[in-house]
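Source file target-v5.json; content: JSON, C-alpha atoms.
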```
[["chain", "number", "residue", "atom", "x", "y", "z"],
["A", 1, "MET", "CA", -37.22, -12.41, 6.88],
["A", 2, "TYR", "CA", -35.92, -13.81, 10.19],
["A", 3, "THR", "CA", -37.87, -12.29, 13.06],
["A", 4, "GLU", "CA", -35.64, -13.89, 15.71],
["A", 5, "LEU", "CA", -32.55, -12.28, 14.20],
["A", 6, "ASN", "CA", -34.35, -8.94, 14.11],
["A", 7, "SER", "CA", -35.11, -9.37, 17.79],
["A", 8, "ILE", "CA", -31.44, -10.02, 18.55],
["A", 9, "LEU", "CA", -30.45, -6.88, 16.65],
["A", 10, "SER", "CA", -33.40, -4.89, 18.08],
["A", 11, "THR", "CA", -34.58, -3.81, 14.64],
["A", 12, "THR", "CA", -37.67, -4.05, 12.42],
["A", 13, "PRO", "CA", -38.46, -2.90, 8.86],
["A", 14, "ASP", "CA", -40.45, -0.05, 10.41],
["A", 15, "SER", "CA", -37.70, 0.98, 12.82],
["A", 16, "PHE", "CA", -34.00, 0.52, 12.12],
["A", 17, "THR", "CA", -30.86, 2.54, 12.71],
["A", 18, "ARG", "CA", -29.68, 4.58, 9.74],
["A", 19, "GLY", "CA", -26.05, 5.17, 8.81],
["A", 20, "GLU", "CA", -24.96, 1.64, 9.78],
["A", 21, "PHE", "CA", -22.24, -0.41, 8.11],
["A", 22, "ILE", "CA", -22.92, -4.10, 8.80],
["A", 23, "LEU", "CA", -20.08, -6.49, 8.08],
["A", 24, "VAL", "CA", -20.99, -10.15, 7.53],
["A", 25, "SER", "CA", -18.15, -12.69, 7.54],
["A", 26, "ASP", "CA", -17.80, -16.45, 7.72],
["A", 27, "ARG", "CA", -15.19, -19.09, 8.46],
["A", 28, "ARG", "CA", -15.70, -22.83, 7.95],
["A", 29, "SER", "CA", -19.38, -22.04, 7.37],
["A", 30, "ASP", "CA", -21.68, -20.16, 5.00],
["A", 31, "ALA", "CA", -23.08, -16.74, 5.90],
["A", 32, "SER", "CA", -25.06, -16.30, 2.68],
["A", 33, "PHE", "CA", -28.32, -16.66, 4.57],
["A", 34, "LEU", "CA", -27.64, -13.30, 6.24],
["A", 35, "ILE", "CA", -27.35, -11.60, 2.85],
["A", 36, "HIS", "CA", -30.73, -13.06, 1.88],
["A", 37, "HIS", "CA", -32.13, -11.85, 5.18],
["A", 38, "PHE", "CA", -30.94, -8.26, 4.82],
["A", 39, "LEU", "CA", -32.05, -8.14, 1.19],
["A", 40, "SER", "CA", -35.62, -9.08, 2.08],
["A", 41, "PHE", "CA", -35.48, -6.92, 5.22],
["A", 42, "TYR", "CA", -34.58, -3.66, 3.45],
["A", 43, "LEU", "CA", -36.95, -4.30, 0.56],
["A", 44, "ARG", "CA", -39.76, -4.74, 3.06],
["A", 45, "ALA", "CA", -38.61, -1.48, 4.68],
["A", 46, "ARG", "CA", -39.13, 0.23, 1.28],
["A", 47, "CYS", "CA", -35.48, 1.23, 1.01],
["A", 48, "LYS", "CA", -33.78, 1.87, -2.31],
["A", 49, "VAL", "CA", -31.45, -1.13, -2.60],
["A", 50, "CYS", "CA", -28.31, -1.38, -4.71],
["A", 51, "PHE", "CA", -27.19, -5.02, -4.74],
["A", 52, "LEU", "CA", -23.79, -6.07, -6.08],
["A", 53, "GLY", "CA", -24.23, -9.80, -6.67],
["A", 54, "LEU", "CA", -20.71, -10.94, -7.50],
["A", 55, "VAL", "CA", -21.03, -14.69, -6.88],
["A", 56, "GLN", "CA", -24.53, -15.76, -7.95],
["A", 57, "SER", "CA", -27.02, -15.03, -10.71],
["A", 58, "PHE", "CA", -30.14, -12.96, -10.29],
["A", 59, "SER", "CA", -32.30, -16.07, -10.56],
["A", 60, "HIS", "CA", -30.52, -17.56, -7.53],
["A", 61, "TYR", "CA", -31.27, -14.58, -5.28],
["A", 62, "SER", "CA", -34.77, -14.33, -6.72],
["A", 63, "ALA", "CA", -35.57, -17.97, -5.92],
["A", 64, "VAL", "CA", -34.44, -17.66, -2.31],
["A", 65, "SER", "CA", -36.19, -14.31, -1.82],
["A", 66, "GLN", "CA", -39.39, -15.83, -3.18],
["A", 67, "ARG", "CA", -39.31, -18.31, -0.30],
["A", 68, "LEU", "CA", -38.93, -15.35, 2.06],
["A", 69, "GLY", "CA", -41.99, -13.64, 0.61],
["A", 70, "VAL", "CA", -40.23, -11.00, -1.50],
["A", 71, "SER", "CA", -40.30, -10.66, -5.29],
["A", 72, "LEU", "CA", -37.03, -9.29, -6.66],
["A", 73, "ALA", "CA", -38.49, -9.07, -10.16],
["A", 74, "GLN", "CA", -41.22, -6.71, -8.96],
["A", 75, "ALA", "CA", -38.70, -4.69, -6.96],
["A", 76, "LYS", "CA", -36.55, -4.25, -10.08],
["A", 77, "GLU", "CA", -39.54, -3.32, -12.20],
["A", 78, "LYS", "CA", -40.62, -0.67, -9.70],
["A", 79, "GLY", "CA", -37.10, 0.75, -9.51],
["A", 80, "GLN", "CA", -36.64, -0.14, -5.85],
["A", 81, "LEU", "CA", -33.87, -2.66, -6.57],
["A", 82, "ILE", "CA", -30.82, -2.06, -8.73],
["A", 83, "PHE", "CA", -29.02, -5.34, -9.26],
["A", 84, "LEU", "CA", -25.53, -5.72, -10.69],
["A", 85, "GLU", "CA", -25.04, -9.30, -11.86],
["A", 86, "GLY", "CA", -21.29, -9.65, -11.59],
["A", 87, "LEU", "CA", -21.09, -12.92, -13.54],
["A", 88, "LYS", "CA", -22.88, -11.47, -16.56],
["A", 89, "GLU", "CA", -21.05, -8.15, -16.38],
["A", 90, "SER", "CA", -17.70, -9.92, -16.21],
["A", 91, "LEU", "CA", -18.54, -11.94, -19.28],
["A", 92, "SER", "CA", -19.49, -8.82, -21.23],
["A", 93, "VAL", "CA", -16.12, -7.27, -20.32],
["A", 94, "LEU", "CA", -13.97, -10.31, -21.09],
["A", 95, "ILE", "CA", -15.93, -11.37, -24.19],
["A", 96, "PRO", "CA", -17.54, -8.20, -25.58],
["A", 97, "GLN", "CA", -20.38, -8.88, -27.97],
["A", 98, "GLU", "CA", -21.54, -5.37, -28.77],
["A", 99, "ALA", "CA", -20.01, -1.90, -28.51],
["A", 100, "ASN", "CA", -20.77, 0.02, -25.32],
["A", 101, "ARG", "CA", -22.57, -2.91, -23.78],
["A", 102, "GLY", "CA", -22.89, -3.20, -20.03],
["A", 103, "SER", "CA", -22.50, -0.74, -17.19],
["A", 104, "HIS", "CA", -18.66, -0.60, -17.26],
["A", 105, "ALA", "CA", -18.71, -1.27, -13.52],
["A", 106, "MET", "CA", -16.42, -4.28, -14.00],
["A", 107, "ASP", "CA", -13.91, -2.49, -16.26],
["A", 108, "PHE", "CA", -11.13, -3.27, -13.79],
["A", 109, "LEU", "CA", -11.07, -6.76, -15.34],
["A", 110, "ARG", "CA", -9.88, -5.24, -18.60],
["A", 111, "ASP", "CA", -7.57, -2.56, -17.18],
["A", 112, "PRO", "CA", -6.31, -3.13, -13.61],
["A", 113, "THR", "CA", -5.00, 0.46, -13.40],
["A", 114, "VAL", "CA", -8.58, 1.72, -13.42],
["A", 115, "GLY", "CA", -9.15, 0.12, -10.03],
["A", 116, "LEU", "CA", -12.66, 0.06, -8.58],
["A", 117, "ARG", "CA", -13.51, 3.65, -9.54],
["A", 118, "ARG", "CA", -16.13, 2.60, -12.09],
["A", 119, "LEU", "CA", -17.71, 0.21, -9.61],
["A", 120, "TYR", "CA", -17.92, 2.98, -7.03],
["A", 121, "GLU", "CA", -19.41, 5.36, -9.61],
["A", 122, "PHE", "CA", -22.07, 2.75, -10.36],
["A", 123, "VAL", "CA", -22.91, 2.51, -6.65],
["A", 124, "ARG", "CA", -22.96, 6.29, -6.20],
["A", 125, "SER", "CA", -25.29, 6.89, -9.14],
["A", 126, "SER", "CA", -27.57, 4.05, -8.01],
["A", 127, "VAL", "CA", -28.01, 5.14, -4.39],
["A", 128, "ARG", "CA", -28.40, 8.84, -5.19],
["A", 129, "SER", "CA", -31.53, 8.23, -7.25],
["A", 130, "SER", "CA", -34.18, 7.56, -4.63],
["A", 131, "GLY", "CA", -37.12, 7.72, -7.03],
["A", 132, "GLY", "CA", -39.99, 10.15, -7.07],
["A", 133, "GLU", "CA", -38.21, 12.51, -9.48],
["A", 134, "GLU", "CA", -40.63, 11.69, -12.28],
["A", 135, "GLU", "CA", -44.39, 11.93, -12.02],
["A", 136, "GLY", "CA", -46.00, 8.59, -11.28],
["A", 137, "THR", "CA", -42.88, 6.95, -9.87],
["A", 138, "GLU", "CA", -42.69, 5.78, -6.27],
["A", 139, "GLU", "CA", -40.40, 7.45, -3.76],
["A", 140, "TRP", "CA", -38.28, 5.10, -1.70],
["A", 141, "GLY", "CA", -36.66, 5.34, 1.70],
["A", 142, "PRO", "CA", -32.96, 5.62, 2.58],
["A", 143, "PRO", "CA", -30.50, 3.89, 0.23],
["A", 144, "VAL", "CA", -28.93, 0.54, 1.06],
["A", 145, "LEU", "CA", -25.87, -1.09, -0.49],
["A", 146, "LEU", "CA", -25.47, -4.89, -0.33],
["A", 147, "VAL", "CA", -22.39, -6.72, -1.59],
["A", 148, "ASP", "CA", -22.10, -10.51, -1.95],
["A", 149, "ASP", "CA", -19.28, -11.06, -1.63],
["A", 150, "LEU", "CA", -16.46, -8.53, -1.38],
["A", 151, "SER", "CA", -13.65, -11.09, -1.13],
["A", 152, "VAL", "CA", -14.35, -12.21, -4.71],
["A", 153, "LEU", "CA", -12.60, -9.04, -5.84],
["A", 154, "LEU", "CA", -9.37, -10.39, -4.34],
["A", 155, "SER", "CA", -9.52, -13.48, -6.53],
["A", 156, "LEU", "CA", -10.04, -11.21, -9.54],
["A", 157, "GLY", "CA", -6.69, -9.52, -8.95],
["A", 158, "VAL", "CA", -7.78, -6.49, -6.93],
["A", 159, "SER", "CA", -5.57, -5.70, -3.94],
["A", 160, "ALA", "CA", -6.96, -5.65, -0.42],
["A", 161, "GLY", "CA", -5.99, -1.97, -0.17],
["A", 162, "ALA", "CA", -8.07, -1.10, -3.25],
["A", 163, "VAL", "CA", -11.05, -3.02, -1.87],
["A", 164, "LEU", "CA", -10.75, -1.19, 1.46],
["A", 165, "ASP", "CA", -10.64, 2.14, -0.39],
["A", 166, "PHE", "CA", -13.79, 1.12, -2.27],
["A", 167, "SER", "CA", -15.63, 0.27, 0.95],
["A", 168, "HIS", "CA", -14.43, 3.51, 2.56],
["A", 169, "TYR", "CA", -15.81, 5.67, -0.26],
["A", 170, "CYS", "CA", -19.05, 3.69, -0.32],
["A", 171, "ARG", "CA", -19.47, 4.15, 3.43],
["A", 172, "ALA", "CA", -18.79, 7.89, 3.13],
["A", 173, "THR", "CA", -21.45, 8.20, 0.43],
["A", 174, "VAL", "CA", -24.11, 5.76, 1.59],
["A", 175, "CYS", "CA", -23.80, 5.90, 5.38],
["A", 176, "SER", "CA", -22.47, 9.41, 6.06],
["A", 177, "GLN", "CA", -23.84, 11.61, 3.27],
["A", 178, "LEU", "CA", -27.14, 9.86, 2.52],
["A", 179, "GLN", "CA", -27.71, 8.30, 5.97],
["A", 180, "GLY", "CA", -28.36, 4.92, 4.42],
["A", 181, "ASN", "CA", -27.06, 1.48, 5.37],
["A", 182, "MET", "CA", -24.45, -0.86, 3.98],
["A", 183, "VAL", "CA", -24.09, -4.66, 4.26],
["A", 184, "MET", "CA", -21.00, -6.44, 2.93],
["A", 185, "LEU", "CA", -20.02, -10.10, 3.03],
["A", 186, "VAL", "CA", -16.39, -11.23, 3.19],
["A", 187, "ARG", "CA", -15.19, -14.82, 3.43],
["A", 188, "CYS", "CA", -12.20, -15.98, 5.46],
["A", 189, "VAL", "CA", -10.08, -18.85, 4.20],
["A", 190, "GLY", "CA", -8.39, -21.24, 6.64],
["A", 191, "GLU", "CA", -8.00, -20.97, 10.38],
["A", 192, "GLU", "CA", -7.92, -17.65, 12.20],
["A", 193, "GLU", "CA", -4.49, -18.23, 13.72],
["A", 194, "GLU", "CA", -2.88, -19.06, 10.38],
["A", 195, "ASP", "CA", -0.43, -16.46, 9.08],
["A", 196, "ASP", "CA", 1.13, -17.18, 5.72],
["A", 197, "GLY", "CA", 2.59, -13.70, 5.32],
["A", 198, "ASP", "CA", 0.06, -12.72, 2.65],
["A", 199, "ASP", "CA", -0.91, -9.22, 3.73],
["A", 200, "GLU", "CA", -3.06, -8.82, 0.62],
["A", 201, "GLY", "CA", -5.42, -11.66, 1.53],
["A", 202, "SER", "CA", -8.84, -12.01, 3.05],
["A", 203, "GLU", "CA", -7.54, -11.68, 6.62],
["A", 204, "ARG", "CA", -6.21, -8.19, 5.99],
["A", 205, "LEU", "CA", -9.47, -7.29, 4.27],
["A", 206, "LEU", "CA", -11.49, -8.59, 7.21],
["A", 207, "LYS", "CA", -9.40, -6.64, 9.73],
["A", 208, "GLY", "CA", -9.66, -3.45, 7.71],
["A", 209, "LEU", "CA", -13.41, -3.73, 7.28],
["A", 210, "SER", "CA", -13.82, -4.53, 10.98],
["A", 211, "HIS", "CA", -12.41, -1.09, 11.79],
["A", 212, "GLN", "CA", -14.80, 0.60, 9.36],
["A", 213, "CYS", "CA", -18.04, -1.12, 10.34],
["A", 214, "SER", "CA", -20.45, -0.46, 13.19],
["A", 215, "LEU", "CA", -21.76, -4.03, 13.52],
["A", 216, "THR", "CA", -20.17, -7.38, 12.70],
["A", 217, "LEU", "CA", -21.94, -10.71, 12.23],
["A", 218, "HIS", "CA", -19.39, -13.50, 12.06],
["A", 219, "VAL", "CA", -20.64, -16.97, 11.13],
["A", 220, "GLN", "CA", -18.42, -19.93, 11.90],
["A", 221, "GLY", "CA", -18.57, -23.63, 12.63],
["A", 222, "LEU", "CA", -18.72, -24.94, 16.16],
["A", 223, "PRO", "CA", -15.30, -25.01, 17.87],
["A", 224, "THR", "CA", -16.19, -28.43, 19.26],
["A", 225, "GLY", "CA", -16.72, -29.86, 15.79],
["A", 226, "TYR", "CA", -19.73, -31.46, 14.17],
["A", 227, "CYS", "CA", -23.04, -31.46, 16.00],
["A", 228, "ARG", "CA", -26.27, -32.92, 14.66],
["A", 229, "ASP", "CA", -28.56, -30.39, 16.34],
["A", 230, "ILE", "CA", -26.50, -27.19, 15.97],
["A", 231, "HIS", "CA", -24.70, -26.34, 12.74],
["A", 232, "GLY", "CA", -22.72, -23.28, 13.80],
["A", 233, "GLN", "CA", -22.65, -20.02, 15.70],
["A", 234, "VAL", "CA", -23.04, -16.33, 14.92],
["A", 235, "GLU", "CA", -20.94, -13.80, 16.80],
["A", 236, "VAL", "CA", -22.56, -10.37, 17.03],
["A", 237, "CYS", "CA", -20.30, -7.42, 17.85],
["A", 238, "TRP", "CA", -21.44, -3.82, 18.15],
["A", 239, "ARG", "CA", -18.58, -1.34, 17.80],
["A", 240, "ARG", "CA", -18.51, 1.75, 19.99],
["A", 241, "ARG", "CA", -19.24, 5.14, 18.42],
["A", 242, "GLN", "CA", -17.75, 8.48, 19.44],
["A", 243, "ALA", "CA", -18.76, 11.78, 17.82],
["A", 244, "ALA", "CA", -20.42, 9.92, 14.91],
["A", 245, "ARG", "CA", -17.18, 8.04, 14.19],
["A", 246, "VAL", "CA", -16.67, 4.31, 14.58],
["A", 247, "VAL", "CA", -13.70, 3.50, 16.80],
["A", 248, "GLY", "CA", -11.95, 0.19, 17.21],
["A", 249, "GLU", "CA", -13.50, -0.85, 20.50],
["A", 250, "ILE", "CA", -16.12, -3.52, 21.02],
["A", 251, "ASP", "CA", -19.12, -2.08, 22.82],
["A", 252, "LYS", "CA", -21.16, -5.27, 23.08],
["A", 253, "PHE", "CA", -20.60, -8.90, 22.15],
["A", 254, "THR", "CA", -23.01, -11.83, 21.95],
["A", 255, "SER", "CA", -22.88, -15.28, 20.40],
["A", 256, "HIS", "CA", -25.84, -17.26, 19.11],
["A", 257, "SER", "CA", -26.09, -20.78, 17.77],
["A", 258, "PHE", "CA", -28.07, -21.65, 14.65],
["A", 259, "THR", "CA", -29.21, -24.58, 12.56],
["A", 260, "PHE", "CA", -30.04, -24.91, 8.88],
["A", 261, "ASP", "CA", -33.35, -26.03, 7.50],
["A", 262, "TRP", "CA", -32.54, -27.81, 4.25],
["A", 263, "LEU", "CA", -35.25, -26.27, 2.09],
["A", 264, "LEU", "CA", -35.22, -27.29, -1.54],
["A", 265, "VAL", "CA", -35.62, -24.27, -3.80],
["A", 266, "ALA", "CA", -35.96, -24.71, -7.56],
["A", 267, "GLY", "CA", -32.53, -24.25, -9.05],
["A", 268, "VAL", "CA", -30.90, -23.60, -5.67],
["A", 269, "ASN", "CA", -28.75, -26.14, -3.84],
["A", 270, "ASP", "CA", -27.67, -23.95, -0.92],
["A", 271, "PRO", "CA", -29.37, -24.28, 2.46],
["A", 272, "VAL", "CA", -31.73, -21.60, 3.68],
["A", 273, "TRP", "CA", -31.55, -20.61, 7.31],
["A", 274, "ASN", "CA", -34.52, -21.57, 9.42],
["A", 275, "PRO", "CA", -35.32, -18.65, 11.76],
["A", 276, "ASP", "CA", -37.29, -20.92, 14.05],
["A", 277, "CYS", "CA", -34.08, -22.67, 15.11],
["A", 278, "VAL", "CA", -32.19, -19.70, 16.54],
["A", 279, "GLU", "CA", -31.02, -20.28, 20.07],
["A", 280, "GLU", "CA", -28.96, -17.88, 22.15],
["A", 281, "GLU", "CA", -25.82, -19.56, 23.43],
["A", 282, "HIS", "CA", -24.36, -16.92, 25.68],
["A", 283, "SER", "CA", -24.09, -13.19, 26.06],
["A", 284, "ALA", "CA", -21.32, -11.28, 27.75],
["A", 285, "PRO", "CA", -19.71, -7.85, 27.49],
["A", 286, "ALA", "CA", -16.25, -7.69, 25.98],
["A", 287, "SER", "CA", -13.41, -7.37, 28.41]]
```
Once you've parsed the file, please lay out its structure as structure tokens.
Amino acid sequence: MYTELNSILSTTPDSFTRGEFILVSDRRSDASFLIHHFLSFYLRARCKVCFLGLVQSFSHYSAVSQRLGVSLAQAKEKGQLIFLEGLKESLSVLIPQEANRGSHAMDFLRDPTVGLRRLYEFVRSSVRSSGGEEEGTEEWGPPVLLVDDLSVLLSLGVSAGAVLDFSHYCRATVCSQLQGNMVMLVRCVGEEEEDDGDDEGSERLLKGLSHQCSLTLHVQGLPTGYCRDIHGQVEVCWRRRQAARVVGEIDKFTSHSFTFDWLLVAGVNDPVWNPDCVEEEHSAPAS
């Protein structure tokens, strides 16, 4: 868990804003470290977490979380964490081994007309069960939905409109009805000013999600190019709220630089962010 990032966002596991939709995005960089941060953060906060891991295996997230002091295996065993391993679920859909195997959350791979309805139903059933219904089971806090990463659905043939509908229904259920939180990662391909006429791509998805969310964390490389001491920057944008609705105005904007600490984790080749290397670059209100 990155205490410096929590300080920037003015939040702790004991005190955080409920009903938030946090959008994490990256361009020419890797924002996966923020997913690992929020996963460990909400598990420490004793929230009921539904994690859609669409790009990595459970062992990958477990190895990184272990370095952050959180055991995903114990969280699953206690019922605090519900993990959908997209790679394994996709394989069971494309190459079925047994009848009625799997959660059917990835059925859109078999029948595109189904859309993401089954995936949403999986999320809804997961976040509505907060525990404590049966004697001897622990009762957890507000539900949290994490998705890593949402743009993978585009490469699987799902339209940007269908993905935006999915996020809208998830936000209505998790953030509005249950007063929980939602964190989604989306990756941007190419330069921001590029426009190839593909309105079904990641740029349209990013713009649509930006209007839905209440906080954006955008990770990107330095505009000046490579730097030995600083590996990139994180733009933090709080969106203004009116009458409990998120409107498309930026209320506050800050930018922070960061570096990676190349920690070697067993079976993991990706870098893990070093919270001790966070340095504020500048802070200014949006014009």
In terms of all atoms listed in the file, the residue from A:Ser210, A:Asn6, A:Gly225, A:Leu185 at minimal distance from Asp26 in chain A is A:Leu185
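Straight-line separation from CA of Ser92 in chain A to CA of Phe108 in chain A: 12.5 Å.
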Give me, as an MDAnalysis selection string, all polymer residues having an atom no more than 10 Å from Leu23 in chain A, counting all atoms listed in the file and skipping those fewer than 2 positions away in the same chain.
chainID A and resid 20:21 25 147 182:186 206 209:210 212:218 237
Residue with smallest distance to Pro13 in chain A - pool A:Tyr42, A:Phe166, A:Phe51, A:Phe33, counting only C-alpha atoms: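 Closest to Pro13 in chain A, using only C-alpha atoms: A:Tyr42.
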Within 10 Å of Leu94 in chain A, counting all atoms listed in the file, which residues show up once you throw out same-chain ones fewer than 6 positions away? Write them as a VMD selection string, please. chain A and resid 106 to 107 109 to 110
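The closest residue to Cys175 in chain A, picked from A:Ala162, A:Val144, A:Leu72, A:Ile8 and counting only C-alpha atoms, is A:Val144.
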Using only C-alpha atoms, find the one residue out of A:Thr17, A:Ser32, A:Thr173, A:Asn181 that sits nearest to Cys47 in chain A.
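Looking at the shortest contact to Cys47 in chain A, the residue is A:Asn181.
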Residues near Ser126 in chain A, anyone? I mean within 10 Å using all atoms listed in the file, not counting same-chain ones fewer than 5 positions away, as a list in words.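 Here the qualifying residues turn out to be Lys48, Val49, Cys50, Phe51, Leu81, Ile82, Phe83, Tyr120, Glu121, Pro143, Val144 and Leu145 of chain A.
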Show me, as a compact mmCIF listing (two decimals) with C-alpha atoms, keeping the file's coordinate frame, the residues that have an atom within 8 Å of Ser29 in chain A when counting all atoms listed in the file, minus same-chain residues fewer than 3 positions from it.
```txt
# COMPACT_ATOMS: atom_id res chain seq x y z
CA ASP A 26 -17.80 -16.45 7.72
CA VAL A 219 -20.64 -16.97 11.13
CA GLN A 220 -18.42 -19.93 11.90
CA GLY A 221 -18.57 -23.63 12.63
CA GLY A 232 -22.72 -23.28 13.80
```
